[in-house]
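Visitor: final.pdb is the file, holding PDB, C-alpha atoms (C1' of nucleotides):
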ATOM      1  CA  MET A   1     192.780  89.748 -10.415
ATOM      2  CA  PRO A   2     195.388  87.086 -10.220
ATOM      3  CA  GLU A   3     194.078  83.720 -11.335
ATOM      4  CA  LEU A   4     196.059  80.526 -11.823
ATOM      5  CA  PRO A   5     198.480  81.722 -14.568
ATOM      6  CA  GLU A   6     199.286  84.937 -12.700
ATOM      7  CA  VAL A   7     199.860  83.170  -9.378
ATOM      8  CA  HIS A   8     201.905  80.562 -11.235
ATOM      9  CA  THR A   9     204.073  83.306 -12.775
ATOM     10  CA  THR A  10     204.630  84.935  -9.392
ATOM     11  CA  VAL A  11     205.597  81.624  -7.795
ATOM     12  CA  LYS A  12     207.968  80.858 -10.662
ATOM     13  CA  GLY A  13     209.719  84.139  -9.896
ATOM     14  CA  LEU A  14     209.782  83.424  -6.169
ATOM     15  CA  LYS A  15     211.342  80.020  -6.787
ATOM     16  CA  LYS A  16     214.095  81.653  -8.787
ATOM     17  CA  PHE A  17     214.973  84.439  -6.372
ATOM     18  CA  ILE A  18     214.028  83.778  -2.778
ATOM     19  CA  ILE A  19     214.663  80.073  -2.146
ATOM     20  CA  GLY A  20     217.488  79.635   0.335
ATOM     21  CA  LYS A  21     217.274  83.223   1.577
ATOM     22  CA  THR A  22     216.744  83.954   5.239
ATOM     23  CA  ILE A  23     213.981  86.366   6.247
ATOM     24  CA  LYS A  24     215.746  88.927   8.432
ATOM     25  CA  SER A  25     212.740  91.032   9.328
ATOM     26  CA  VAL A  26     209.058  91.565   8.664
ATOM     27  CA  TRP A  27     207.281  94.900   8.464
ATOM     28  CA  SER A  28     203.602  95.646   7.980
ATOM     29  CA  ASP A  29     201.357  98.680   8.268
ATOM     30  CA  PHE A  30     198.421  96.455   9.349
ATOM     31  CA  HIS A  31     196.363  97.831   6.467
ATOM     32  CA  ILE A  32     195.777  94.573   4.708
ATOM     33  CA  GLY A  33     193.369  91.693   4.897
ATOM     34  CA  ALA A  34     190.415  94.050   4.813
ATOM     35  CA  LYS A  35     188.022  91.161   5.168
ATOM     36  CA  TYR A  36     189.633  89.490   8.127
ATOM     37  CA  ASN A  37     189.167  91.703  11.190
ATOM     38  CA  ASN A  38     188.306  88.835  13.476
ATOM     39  CA  LYS A  39     190.375  86.133  11.841
ATOM     40  CA  GLU A  40     193.969  85.062  11.928
ATOM     41  CA  ASN A  41     195.437  87.784   9.800
ATOM     42  CA  ILE A  42     198.244  90.261  10.078
ATOM     43  CA  LYS A  43     195.755  93.145  10.156
ATOM     44  CA  ASN A  44     195.396  92.045  13.745
ATOM     45  CA  GLU A  45     198.325  93.458  15.754
ATOM     46  CA  SER A  46     198.775  90.451  18.012
ATOM     47  CA  TYR A  47     198.667  88.127  15.021
ATOM     48  CA  LEU A  48     201.359  90.150  13.265
ATOM     49  CA  LYS A  49     203.486  89.831  16.388
ATOM     50  CA  LYS A  50     203.060  86.071  16.333
ATOM     51  CA  PHE A  51     203.679  86.026  12.582
ATOM     52  CA  LYS A  52     206.930  87.986  13.014
ATOM     53  CA  GLU A  53     208.115  85.676  15.757
ATOM     54  CA  LEU A  54     207.514  82.646  13.584
ATOM     55  CA  VAL A  55     208.987  84.090  10.406
ATOM     56  CA  GLU A  56     211.984  86.229  11.362
ATOM     57  CA  GLY A  57     215.245  84.342  11.197
ATOM     58  CA  THR A  58     213.886  81.407   9.212
ATOM     59  CA  ARG A  59     215.131  80.260   5.834
ATOM     60  CA  ILE A  60     212.834  79.904   2.839
ATOM     61  CA  LYS A  61     212.858  76.281   1.738
ATOM     62  CA  SER A  62     210.465  76.290  -1.184
ATOM     63  CA  ALA A  63     207.448  77.934  -2.740
ATOM     64  CA  GLU A  64     204.423  76.428  -4.460
ATOM     65  CA  ARG A  65     200.991  77.272  -5.778
ATOM     66  CA  ILE A  66     197.720  75.592  -4.876
ATOM     67  CA  GLY A  67     194.790  77.026  -6.782
ATOM     68  CA  LYS A  68     195.200  80.779  -6.395
ATOM     69  CA  ASN A  69     197.127  80.442  -3.127
ATOM     70  CA  ILE A  70     200.862  80.922  -2.720
ATOM     71  CA  LEU A  71     202.611  78.750  -0.171
ATOM     72  CA  ILE A  72     206.047  79.700   1.115
ATOM     73  CA  HIS A  73     207.572  76.872   3.127
ATOM     74  CA  LEU A  74     210.007  77.842   5.883
ATOM     75  CA  ASN A  75     212.679  75.728   7.549
ATOM     76  CA  ASN A  76     210.899  75.880  10.910
ATOM     77  CA  LYS A  77     208.069  73.575   9.827
ATOM     78  CA  HIS A  78     205.754  76.489   9.086
ATOM     79  CA  SER A  79     204.322  77.750   5.813
ATOM     80  CA  ILE A  80     203.106  81.210   4.870
ATOM     81  CA  ILE A  81     199.834  81.197   2.927
ATOM     82  CA  ILE A  82     199.203  84.198   0.693
ATOM     83  CA  HIS A  83     196.101  84.928  -1.358
ATOM     84  CA  MET A  84     196.443  88.001  -3.571
ATOM     85  CA  LYS A  85     192.691  88.380  -4.170
ATOM     86  CA  MET A  86     192.050  91.191  -6.669
ATOM     87  CA  THR A  87     194.924  93.623  -6.670
ATOM     88  CA  GLY A  88     197.655  91.976  -4.644
ATOM     89  CA  ASN A  89     201.154  91.626  -6.069
ATOM     90  CA  LEU A  90     204.364  90.188  -4.673
ATOM     91  CA  VAL A  91     207.346  92.137  -5.946
ATOM     92  CA  TYR A  92     211.038  91.585  -5.407
ATOM     93  CA  ASP A  93     213.415  94.458  -4.763
ATOM     94  CA  LYS A  94     211.350  97.092  -6.544
ATOM     95  CA  GLU A  95     209.830 100.471  -5.656
ATOM     96  CA  VAL A  96     206.061 100.167  -5.775
ATOM     97  CA  LYS A  97     202.965 101.849  -4.393
ATOM     98  CA  PHE A  98     200.485 100.396  -1.894
ATOM     99  CA  VAL A  99     203.081  98.518   0.173
ATOM    100  CA  HIS A 100     201.486  96.782   3.161
ATOM    101  CA  LEU A 101     203.942  94.002   3.985
ATOM    102  CA  LYS A 102     207.678  93.794   3.562
ATOM    103  CA  PHE A 103     210.146  90.955   4.118
ATOM    104  CA  THR A 104     213.797  91.957   4.310
ATOM    105  CA  LEU A 105     215.930  89.039   3.134
ATOM    106  CA  SER A 106     219.473  87.974   3.970
ATOM    107  CA  ASN A 107     220.801  89.625   0.792
ATOM    108  CA  ASN A 108     219.184  92.885   1.990
ATOM    109  CA  LYS A 109     216.697  92.815  -0.872
ATOM    110  CA  LYS A 110     213.021  93.111  -0.067
ATOM    111  CA  LEU A 111     210.049  90.958  -0.924
ATOM    112  CA  ILE A 112     207.036  93.252  -0.925
ATOM    113  CA  LEU A 113     203.311  92.674  -0.901
ATOM    114  CA  SER A 114     201.658  95.555  -2.700
ATOM    115  CA  ASP A 115     197.872  95.717  -2.710
ATOM    116  CA  MET A 116     195.844  98.719  -3.777
ATOM    117  CA  ARG A 117     192.544  97.421  -2.475
ATOM    118  CA  LYS A 118     193.883  95.698   0.643
ATOM    119  CA  PHE A 119     191.931  92.484   0.049
ATOM    120  CA  ALA A 120     194.932  90.148   0.106
ATOM    121  CA  SER A 121     195.183  87.675   2.949
ATOM    122  CA  ILE A 122     198.337  86.426   4.622
ATOM    123  CA  THR A 123     198.422  83.751   7.244
ATOM    124  CA  ILE A 124     200.790  81.139   8.603
ATOM    125  CA  SER A 125     200.288  77.500   9.471
ATOM    126  CA  PRO A 126     202.371  74.558  10.590
ATOM    127  CA  THR A 127     203.345  72.857   7.310
ATOM    128  CA  ILE A 128     202.090  69.511   8.503
ATOM    129  CA  GLU A 129     198.615  70.950   9.105
ATOM    130  CA  LEU A 130     198.306  72.668   5.719
ATOM    131  CA  GLN A 131     196.066  69.999   4.265
ATOM    132  CA  ASN A 132     193.552  70.703   7.026
ATOM    133  CA  HIS A 133     193.899  74.476   6.913
ATOM    134  CA  GLU A 134     190.618  76.233   6.150
ATOM    135  CA  ARG A 135     192.141  78.039   3.166
ATOM    136  CA  ILE A 136     193.452  74.821   1.599
ATOM    137  CA  SER A 137     191.309  71.902   2.716
ATOM    138  CA  LYS A 138     188.166  72.924   0.847
ATOM    139  CA  LEU A 139     189.881  73.455  -2.503
ATOM    140  CA  GLY A 140     189.015  71.177  -5.387
ATOM    141  CA  VAL A 141     191.661  69.642  -7.647
ATOM    142  CA  ASP A 142     194.040  72.193  -9.084
ATOM    143  CA  ALA A 143     193.204  72.952 -12.721
ATOM    144  CA  LEU A 144     196.751  72.042 -13.788
ATOM    145  CA  ASP A 145     197.264  69.119 -11.426
ATOM    146  CA  PRO A 146     198.846  66.364 -13.564
ATOM    147  CA  LYS A 147     196.588  63.889 -11.775
ATOM    148  CA  LEU A 148     193.485  65.686 -13.057
ATOM    149  CA  THR A 149     192.288  63.569 -15.959
ATOM    150  CA  SER A 150     189.552  64.390 -18.408
ATOM    151  CA  LYS A 151     187.325  61.818 -16.712
ATOM    152  CA  LYS A 152     187.962  63.245 -13.241
ATOM    153  CA  PHE A 153     187.275  66.724 -14.576
ATOM    154  CA  PHE A 154     183.886  65.564 -15.832
ATOM    155  CA  GLU A 155     183.110  63.854 -12.529
ATOM    156  CA  CYS A 156     184.033  66.993 -10.559
ATOM    157  CA  LEU A 157     181.620  69.157 -12.497
ATOM    158  CA  TYR A 158     178.644  67.458 -14.126
ATOM    159  CA  ASN A 159     176.598  66.957 -10.947
ATOM    160  CA  LYS A 160     177.139  70.454  -9.544
ATOM    161  CA  ARG A 161     174.305  72.967  -9.330
ATOM    162  CA  GLY A 162     174.224  76.407 -10.862
ATOM    163  CA  PRO A 163     175.399  77.684 -14.247
ATOM    164  CA  ILE A 164     178.587  76.119 -15.639
ATOM    165  CA  LYS A 165     180.344  79.490 -15.456
ATOM    166  CA  SER A 166     179.838  79.683 -11.671
ATOM    167  CA  VAL A 167     180.719  76.014 -11.196
ATOM    168  CA  LEU A 168     184.024  76.464 -13.037
ATOM    169  CA  MET A 169     184.808  79.501 -10.894
ATOM    170  CA  ASP A 170     183.958  77.685  -7.679
ATOM    171  CA  GLN A 171     187.302  76.866  -6.081
ATOM    172  CA  GLU A 172     185.724  73.879  -4.361
ATOM    173  CA  SER A 173     185.080  72.147  -7.699
ATOM    174  CA  ILE A 174     188.257  73.030  -9.591
ATOM    175  CA  ALA A 175     190.858  75.340  -8.088
ATOM    176  CA  GLY A 176     192.512  78.155  -9.995
ATOM    177  CA  LEU A 177     189.963  79.562 -12.440
ATOM    178  CA  GLY A 178     188.462  83.029 -12.108
ATOM    179  CA  ASN A 179     186.339  85.333 -14.198
ATOM    180  CA  ILE A 180     188.667  85.983 -17.128
ATOM    181  CA  TYR A 181     189.713  82.399 -17.817
ATOM    182  CA  THR A 182     186.241  80.888 -17.435
ATOM    183  CA  ASP A 183     184.929  83.401 -19.994
ATOM    184  CA  GLU A 184     187.740  82.583 -22.411
ATOM    185  CA  ILE A 185     187.483  78.809 -21.890
ATOM    186  CA  LEU A 186     183.716  78.715 -22.457
ATOM    187  CA  TRP A 187     183.996  80.910 -25.537
ATOM    188  CA  GLU A 188     186.566  78.648 -27.135
ATOM    189  CA  SER A 189     184.669  75.507 -26.149
ATOM    190  CA  GLY A 190     181.458  76.924 -27.611
ATOM    191  CA  VAL A 191     179.516  76.479 -24.365
ATOM    192  CA  HIS A 192     177.073  79.105 -23.097
ATOM    193  CA  PRO A 193     177.988  80.222 -19.540
ATOM    194  CA  LEU A 194     174.430  79.626 -18.302
ATOM    195  CA  SER A 195     174.469  75.967 -19.398
ATOM    196  CA  HIS A 196     173.422  73.411 -16.802
ATOM    197  CA  PRO A 197     176.393  71.238 -15.804
ATOM    198  CA  ASP A 198     174.330  68.018 -15.957
ATOM    199  CA  LYS A 199     173.104  68.754 -19.506
ATOM    200  CA  ILE A 200     176.534  69.235 -21.066
ATOM    201  CA  PRO A 201     177.611  66.006 -22.804
ATOM    202  CA  GLU A 202     180.696  64.195 -21.544
ATOM    203  CA  THR A 203     182.391  64.689 -24.915
ATOM    204  CA  LYS A 204     181.932  68.430 -24.486
ATOM    205  CA  TYR A 205     183.532  68.259 -21.036
ATOM    206  CA  LYS A 206     186.505  66.592 -22.716
ATOM    207  CA  GLU A 207     186.775  69.575 -25.000
ATOM    208  CA  ILE A 208     186.399  72.096 -22.150
ATOM    209  CA  PHE A 209     189.152  70.261 -20.273
ATOM    210  CA  LYS A 210     191.476  70.356 -23.265
ATOM    211  CA  VAL A 211     190.749  74.027 -23.947
ATOM    212  CA  MET A 212     191.242  74.895 -20.260
ATOM    213  CA  LYS A 213     194.705  73.385 -20.200
ATOM    214  CA  LYS A 214     195.615  74.989 -23.504
ATOM    215  CA  ILE A 215     194.529  78.483 -22.429
ATOM    216  CA  LEU A 216     196.141  78.265 -18.976
ATOM    217  CA  HIS A 217     199.454  77.070 -20.449
ATOM    218  CA  PHE A 218     199.310  79.722 -23.138
ATOM    219  CA  SER A 219     198.702  82.474 -20.582
ATOM    220  CA  ILE A 220     201.559  81.206 -18.427
ATOM    221  CA  LYS A 221     203.748  81.478 -21.540
ATOM    222  CA  GLN A 222     202.565  85.067 -21.913
ATOM    223  CA  GLY A 223     203.469  85.818 -18.308
ATOM    224  CA  GLY A 224     199.829  85.991 -17.214
ATOM    225  CA  ASP A 225     197.150  88.622 -17.656
ATOM    226  CA  SER A 226     197.675  92.274 -16.761
ATOM    227  CA  LYS A 227     194.433  93.827 -17.987
ATOM    228  CA  SER A 228     193.973  94.917 -14.417
ATOM    229  CA  ASP A 229     196.699  95.298 -11.811
ATOM    230  CA  TYR A 230     198.730  92.106 -12.085
ATOM    231  CA  ARG A 231     202.511  92.443 -12.229
ATOM    232  CA  ASN A 232     205.168  89.741 -11.868
ATOM    233  CA  ILE A 233     207.777  89.896  -9.119
ATOM    234  CA  PHE A 234     209.785  92.419 -11.146
ATOM    235  CA  GLY A 235     206.772  94.681 -11.490
ATOM    236  CA  GLU A 236     206.388  93.770 -15.171
ATOM    237  CA  LYS A 237     203.098  93.174 -16.985
ATOM    238  CA  GLY A 238     202.030  89.926 -18.617
ATOM    239  CA  ASN A 239     200.593  89.804 -22.142
ATOM    240  CA  PHE A 240     197.536  87.573 -22.037
ATOM    241  CA  GLN A 241     195.185  90.586 -22.079
ATOM    242  CA  ASN A 242     196.217  91.097 -25.700
ATOM    243  CA  PHE A 243     194.722  87.726 -26.609
ATOM    244  CA  HIS A 244     191.279  88.036 -25.031
ATOM    245  CA  LYS A 245     188.553  86.757 -27.333
ATOM    246  CA  VAL A 246     185.560  87.756 -25.174
ATOM    247  CA  TYR A 247     186.572  89.134 -21.781
ATOM    248  CA  GLY A 248     186.175  92.906 -21.780
ATOM    249  CA  ARG A 249     184.962  92.904 -25.410
ATOM    250  CA  LYS A 250     181.286  93.724 -24.898
ATOM    251  CA  SER A 251     179.422  94.750 -28.089
ATOM    252  CA  LYS A 252     182.346  93.773 -30.308
ATOM    253  CA  LYS A 253     182.153  91.195 -33.051
ATOM    254  CA  CYS A 254     182.785  87.591 -32.069
ATOM    255  CA  PRO A 255     186.297  86.774 -33.297
ATOM    256  CA  LYS A 256     185.471  83.156 -34.121
ATOM    257  CA  ARG A 257     185.943  82.421 -37.835
ATOM    258  CA  GLY A 258     182.701  82.588 -39.717
ATOM    259  CA  CYS A 259     180.671  83.646 -36.652
ATOM    260  CA  SER A 260     178.750  86.895 -36.917
ATOM    261  CA  GLY A 261     177.746  87.064 -33.246
ATOM    262  CA  ILE A 262     178.106  90.143 -31.063
ATOM    263  CA  ILE A 263     179.744  89.690 -27.649
ATOM    264  CA  LYS A 264     177.270  90.039 -24.817
ATOM    265  CA  ARG A 265     177.954  90.921 -21.222
ATOM    266  CA  GLN A 266     175.662  89.633 -18.513
ATOM    267  CA  THR A 267     175.898  89.234 -14.760
ATOM    268  CA  ILE A 268     176.066  85.580 -13.767
ATOM    269  CA  GLY A 269     176.577  84.620 -10.138
ATOM    270  CA  GLY A 270     177.398  88.223  -9.285
ATOM    271  CA  ARG A 271     180.199  88.408 -11.868
ATOM    272  CA  SER A 272     180.230  89.852 -15.352
ATOM    273  CA  ALA A 273     180.230  87.073 -17.919
ATOM    274  CA  HIS A 274     181.190  87.757 -21.531
ATOM    275  CA  PHE A 275     180.076  85.402 -24.282
ATOM    276  CA  CYS A 276     178.923  85.056 -27.873
ATOM    277  CA  PRO A 277     175.170  84.267 -27.855
ATOM    278  CA  LYS A 278     175.456  82.925 -31.406
ATOM    279  CA  HIS A 279     178.038  80.130 -31.302
ATOM    280  CA  GLN A 280     178.133  79.312 -27.569
ATOM    281  CA  ILE A 281     175.519  76.594 -27.188
ATOM    282  CA  MET A 282     173.137  76.598 -24.235
ATOM    283  CA  TYR A 283     172.786  73.121 -22.736
ATOM    284  CA  LYS A 284     169.702  73.025 -20.547
TER     285      LYS A 284
ATOM    286  C1'  DA B   1     172.206  72.701   4.305
ATOM    287  C1'  DC B   2     172.087  75.753   0.654
ATOM    288  C1'  DT B   3     172.250  80.092  -1.858
ATOM    289  C1'  DA B   4     171.698  84.916  -3.350
ATOM    290  C1'  DG B   5     173.508  89.027  -2.399
ATOM    291  C1'  DC B   6     176.226  92.213   0.413
ATOM    292  C1'  DC B   7     180.709  93.747   1.754
ATOM    293  C1'  DC B   8     185.722  94.486   2.249
ATOM    294  C1'  DC B   9     188.578  98.594  -0.723
ATOM    295  C1'  DT B  10     190.364 102.261  -4.122
ATOM    296  C1'  DG B  11     191.671 103.910  -8.846
ATOM    297  C1'  DG B  12     189.946 104.720 -13.199
ATOM    298  C1'  DG B  13     186.570 105.822 -16.456
ATOM    299  C1'  DA B  14     182.052 107.684 -17.857
ATOM    300  C1'  DG B  15     178.837 111.275 -17.606
ATOM    301  C1'  DC B  16     177.513 115.856 -16.610
TER     302       DC B  16
ATOM    303  C1'  DT C   1     188.591 121.037 -15.637
ATOM    304  C1'  DG C   2     186.396 118.966 -11.766
ATOM    305  C1'  DC C   3     182.923 116.647  -9.383
ATOM    306  C1'  DT C   4     180.026 112.438  -8.654
ATOM    307  C1'  DC C   5     178.845 107.931  -9.489
ATOM    308  C1'  DC C   6     179.678 103.401 -10.905
ATOM    309  C1'  DC C   7     182.517  99.484 -11.838
ATOM    310  C1'  DA C   8     186.228  96.012 -11.322
ATOM    311  C1'  DG C   9     185.644  90.586  -8.866
ATOM    312  C1'  DG C  10     187.784  86.868  -4.970
ATOM    313  C1'  DG C  11     185.617  85.015  -1.571
ATOM    314  C1'  DG C  12     183.936  85.448   3.441
ATOM    315  C1'  DC C  13     179.871  86.249   5.624
ATOM    316  C1'  DT C  14     174.908  86.667   6.648
ATOM    317  C1'  DA C  15     170.060  86.634   6.100
ATOM    318  C1'  DG C  16     166.459  84.073   4.206
TER     319       DG C  16
END
Taking this structure as input, can you express it in the form of structure tokens?

Guide:
Amino acid sequence: MPELPEVHTTVKGLKKFIIGKTIKSVWSDFHIGAKYNNKENIKNESYLKKFKELVEGTRIKSAERIGKNILIHLNNKHSIIIHMKMTGNLVYDKEVKFVHLKFTLSNNKKLILSDMRKFASITISPTIELQNHERISKLGVDALDPKLTSKKFFECLYNKRGPIKSVLMDQESIAGLGNIYTDEILWESGVHPLSHPDKIPETKYKEIFKVMKKILHFSIKQGGDSKSDYRNIFGEKGNFQNFHKVYGRKSKKCPKRGCSGIIKRQTIGGRSAHFCPKHQIMYK
DNA sequence: ACTAGCCCCTGGGAGC
DNA sequence: TGCTCCCAGGGGCTAG
């Protein structure tokens, strides 16, 4: 379940090892992009053919992250867009299971997309049209965009409908947060996940914003979260799962100092939310 | 236009 | 030990 820190960690690795390399060849078994039978995706044989034609022989210029998406910019004015969804991993020059896409690079090393559940999506777009691409254009401001101020953060969220947990996870409000980080952020901010966005005071949004940045930066320092399947490009685990305060800690004691609450798990917006019913205040 | 809920997958864990 | 069932959750899609 790669979220912002995990995608960030992967892209950091890509930047270090694949920039400047030429992609000699592309291989895929078609068994990926489970959701995208009728869309532009390499599960479709003719799309893979087109993808290969565009990609083979080009040089990798740069890599970046937007929300949970990985962009790999090529020197032929095209960019590969990868979303790892739940169990996708990009690994460099390493034997792994569940290989569905393989790039052989000019140094004869391989960049591999491994994905147990085959949900990952890979597509390609002219670089100049990226901003209008359906996968990119709808995204809200990136959670770690330096231009995202506390005030902007508040303005992006307070008038949205639905529980704050779902609004934070909605990539169209703020891009990059998923289930684990929203649980952790709301726990530390002391905000109940079912709170109504328009009832949370602006000062509280300031705190959520601060906590969000702190937790995301901390997780990046830890190499991301590997409670589930995430691995960096060397196939190594991150450490953030060892610092979870609420996620995956149902029925355990709330770790906040002086709080005697018991962590509760409840489905919110179709996802399992973990929170402390005692110190996380419900604004409604 | 909006939204709740289903679905794409498969490994791992719980329960029997 | 081995079988069955349920769960993980990003996000596209569809029915209401």

Visitor: With the file shown as input, list the residues that the PyMOL selection byres ((chain B and resi 10) around 9) selects, as a list in words.

Guide: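 Applying the expression gives Met116, Arg117 and Lys118 of chain A; DC9 and DG11 of chain B.
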
Visitor: Compute the chain C side of the contact with chain A at 10 Å, counting only C-alpha atoms (C1' of nucleotides), and hand it back as a list in words.

Guide: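 The contacting residues on chain C are DA8, DG9, DG10, DG11, DG12 and DC13 of chain C.
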
Visitor: Should the cut-off be 12 Å, what would the residue list for chain B against chain A look like, counting only C-alpha atoms (C1' of nucleotides), as a list in words?

Guide: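 Selected residues: DC2, DT3, DA4, DG5, DC6, DC7, DC8, DC9, DT10, DG11 and DG12 of chain B.
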
Visitor: What would the selection look like, as number ranges by chain, if the PyMOL selection byres ((chain A and resi 248) around 12) were run on the coordinates I just shared?

Guide: A: 179-181, 183-184, 227-228, 241-247, 249-252, 263-266, 272-275; C: 8

Visitor: Would you mind exporting the chosen residues as a PDB file, keeping the file's coordinate frame, restricted to C-alpha atoms (C1' of nucleotides)?

Guide:
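Saved as result17.pdb:
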ATOM      1  CA  ASN A 179     186.339  85.333 -14.198  1.00  0.00           C
ATOM      2  CA  ILE A 180     188.667  85.983 -17.128  1.00  0.00           C
ATOM      3  CA  TYR A 181     189.713  82.399 -17.817  1.00  0.00           C
ATOM      4  CA  ASP A 183     184.929  83.401 -19.994  1.00  0.00           C
ATOM      5  CA  GLU A 184     187.740  82.583 -22.411  1.00  0.00           C
ATOM      6  CA  LYS A 227     194.433  93.827 -17.987  1.00  0.00           C
ATOM      7  CA  SER A 228     193.973  94.917 -14.417  1.00  0.00           C
ATOM      8  CA  GLN A 241     195.185  90.586 -22.079  1.00  0.00           C
ATOM      9  CA  ASN A 242     196.217  91.097 -25.700  1.00  0.00           C
ATOM     10  CA  PHE A 243     194.722  87.726 -26.609  1.00  0.00           C
ATOM     11  CA  HIS A 244     191.279  88.036 -25.031  1.00  0.00           C
ATOM     12  CA  LYS A 245     188.553  86.757 -27.333  1.00  0.00           C
ATOM     13  CA  VAL A 246     185.560  87.756 -25.174  1.00  0.00           C
ATOM     14  CA  TYR A 247     186.572  89.134 -21.781  1.00  0.00           C
ATOM     15  CA  ARG A 249     184.962  92.904 -25.410  1.00  0.00           C
ATOM     16  CA  LYS A 250     181.286  93.724 -24.898  1.00  0.00           C
ATOM     17  CA  SER A 251     179.422  94.750 -28.089  1.00  0.00           C
ATOM     18  CA  LYS A 252     182.346  93.773 -30.308  1.00  0.00           C
ATOM     19  CA  ILE A 263     179.744  89.690 -27.649  1.00  0.00           C
ATOM     20  CA  LYS A 264     177.270  90.039 -24.817  1.00  0.00           C
ATOM     21  CA  ARG A 265     177.954  90.921 -21.222  1.00  0.00           C
ATOM     22  CA  GLN A 266     175.662  89.633 -18.513  1.00  0.00           C
ATOM     23  CA  SER A 272     180.230  89.852 -15.352  1.00  0.00           C
ATOM     24  CA  ALA A 273     180.230  87.073 -17.919  1.00  0.00           C
ATOM     25  CA  HIS A 274     181.190  87.757 -21.531  1.00  0.00           C
ATOM     26  CA  PHE A 275     180.076  85.402 -24.282  1.00  0.00           C
TER      27      PHE A 275
ATOM     28  C1'  DA C   8     186.228  96.012 -11.322  1.00  0.00           C
TER      29       DA C   8
END

Visitor: Just to confirm, what's the straight-line distance from CA of Leu157 in chain A to CA of Pro197 in chain A in Å (one decimal)?

Guide: 6.5 Å

Visitor: Please report the interatomic distance between CA of Lys110 in chain A and CA of Asp93 in chain A in Å with one decimal.

Guide: 4.9 Å

Visitor: Skip Ile124 in chain A itself and residues of its chain fewer than 3 positions away, then list as a list in words all residues within 6 Å of it, counting all atoms listed in the file.

Guide: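 Final neighbour list, sorted by chain and number: Ser79, Ile80 and Ile81 of chain A.
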
Visitor: Range 8-13 of chain B, all listed atoms, 4 Å padding on each side: what axis-aligned box centre and edge lengths in Å to one decimal come out, as lines of an AutoDock Vina configuration file?

Guide:
center_x = 188.7
center_y = 100.2
center_z = -7.1
size_x = 13.9
size_y = 19.3
size_z = 26.7

Visitor: To one decimal place, how far is CA of Thr22 in chain A from CA of Thr104 in chain A in Å?

Guide: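 Rounded to one decimal, the two atoms are 8.6 Å apart.
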
Visitor: Using only C-alpha atoms (C1' of nucleotides), collect all residues at a distance of at most 7 Å from (185.1, 63.3, -17.0) as written in the file, then present them as a VMD selection string.

Guide: chain A and resid 150 to 155 202 205 to 206

Visitor: Counting all atoms listed in the file, which of A:Ser121, A:Asn132, A:Ser166, A:Ser173 gets nearest to Ile268 in chain A?

Guide: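 Among the listed residues, A:Ser166 lies closest to Ile268 in chain A.
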
Visitor: Would you pull range 1-10 of chain C out of the block just shown and save N, CA, C and O atoms (P, O5', C5', C4', C3', O3' and C1' of nucleotides) as a compact mmCIF listing (two decimals), in the first residue's frame?

Guide:
# COMPACT_ATOMS: atom_id res chain seq x y z
P DT C 1 2.30 -29.41 10.81
O5' DT C 1 1.08 -30.09 10.02
C5' DT C 1 1.14 -31.46 9.67
C4' DT C 1 -0.13 -31.76 8.94
C3' DT C 1 -0.33 -30.94 7.66
O3' DT C 1 -0.83 -31.82 6.65
C1' DT C 1 -2.16 -30.60 9.10
P DG C 2 -0.88 -31.35 5.12
O5' DG C 2 -2.37 -30.83 4.95
C5' DG C 2 -3.45 -31.74 5.07
C4' DG C 2 -4.74 -30.96 4.93
C3' DG C 2 -4.75 -29.93 3.79
O3' DG C 2 -6.02 -29.98 3.17
C1' DG C 2 -5.34 -28.88 5.78
P DC C 3 -6.18 -29.73 1.61
O5' DC C 3 -7.61 -29.05 1.55
C5' DC C 3 -8.73 -29.68 2.19
C4' DC C 3 -9.57 -28.62 2.86
C3' DC C 3 -9.91 -27.43 1.96
O3' DC C 3 -11.26 -27.53 1.52
C1' DC C 3 -9.36 -26.77 4.21
P DT C 4 -11.87 -26.47 0.48
O5' DT C 4 -12.46 -25.35 1.45
C5' DT C 4 -13.32 -25.72 2.53
C4' DT C 4 -13.73 -24.46 3.28
C3' DT C 4 -14.12 -23.30 2.37
O3' DT C 4 -15.33 -22.73 2.85
C1' DT C 4 -12.41 -22.61 3.89
P DC C 5 -16.11 -21.62 1.99
O5' DC C 5 -15.85 -20.33 2.87
C5' DC C 5 -16.00 -20.40 4.30
C4' DC C 5 -15.42 -19.15 4.92
C3' DC C 5 -15.73 -17.87 4.17
O3' DC C 5 -16.28 -16.92 5.07
C1' DC C 5 -13.39 -18.04 4.58
P DC C 6 -16.89 -15.55 4.53
O5' DC C 6 -15.85 -14.50 5.12
C5' DC C 6 -15.36 -14.65 6.46
C4' DC C 6 -14.14 -13.80 6.65
C3' DC C 6 -14.26 -12.37 6.09
O3' DC C 6 -13.79 -11.48 7.09
C1' DC C 6 -12.28 -13.40 5.28
P DC C 7 -14.20 -9.95 6.96
O5' DC C 7 -12.78 -9.26 6.82
C5' DC C 7 -11.72 -9.61 7.71
C4' DC C 7 -10.40 -9.21 7.09
C3' DC C 7 -10.42 -7.82 6.45
O3' DC C 7 -9.49 -7.00 7.14
C1' DC C 7 -9.36 -9.44 5.04
P DA C 8 -9.59 -5.43 7.03
O5' DA C 8 -8.36 -5.06 6.09
C5' DA C 8 -7.04 -5.27 6.55
C4' DA C 8 -6.08 -5.22 5.38
C3' DA C 8 -6.32 -4.03 4.45
O3' DA C 8 -5.50 -2.95 4.88
C1' DA C 8 -5.97 -6.08 3.22
P DG C 9 -6.22 -1.61 5.17
O5' DG C 9 -6.27 -0.97 3.72
C5' DG C 9 -5.06 -0.64 3.06
C4' DG C 9 -5.38 -0.21 1.65
C3' DG C 9 -6.38 0.94 1.59
O3' DG C 9 -6.07 1.70 0.44
C1' DG C 9 -7.28 -0.90 0.51
P DG C 10 -5.64 3.17 0.61
O5' DG C 10 -5.34 3.53 -0.90
C5' DG C 10 -4.18 3.04 -1.56
C4' DG C 10 -4.37 3.14 -3.06
C3' DG C 10 -5.16 4.36 -3.51
O3' DG C 10 -4.55 4.84 -4.71
C1' DG C 10 -6.32 2.40 -4.15
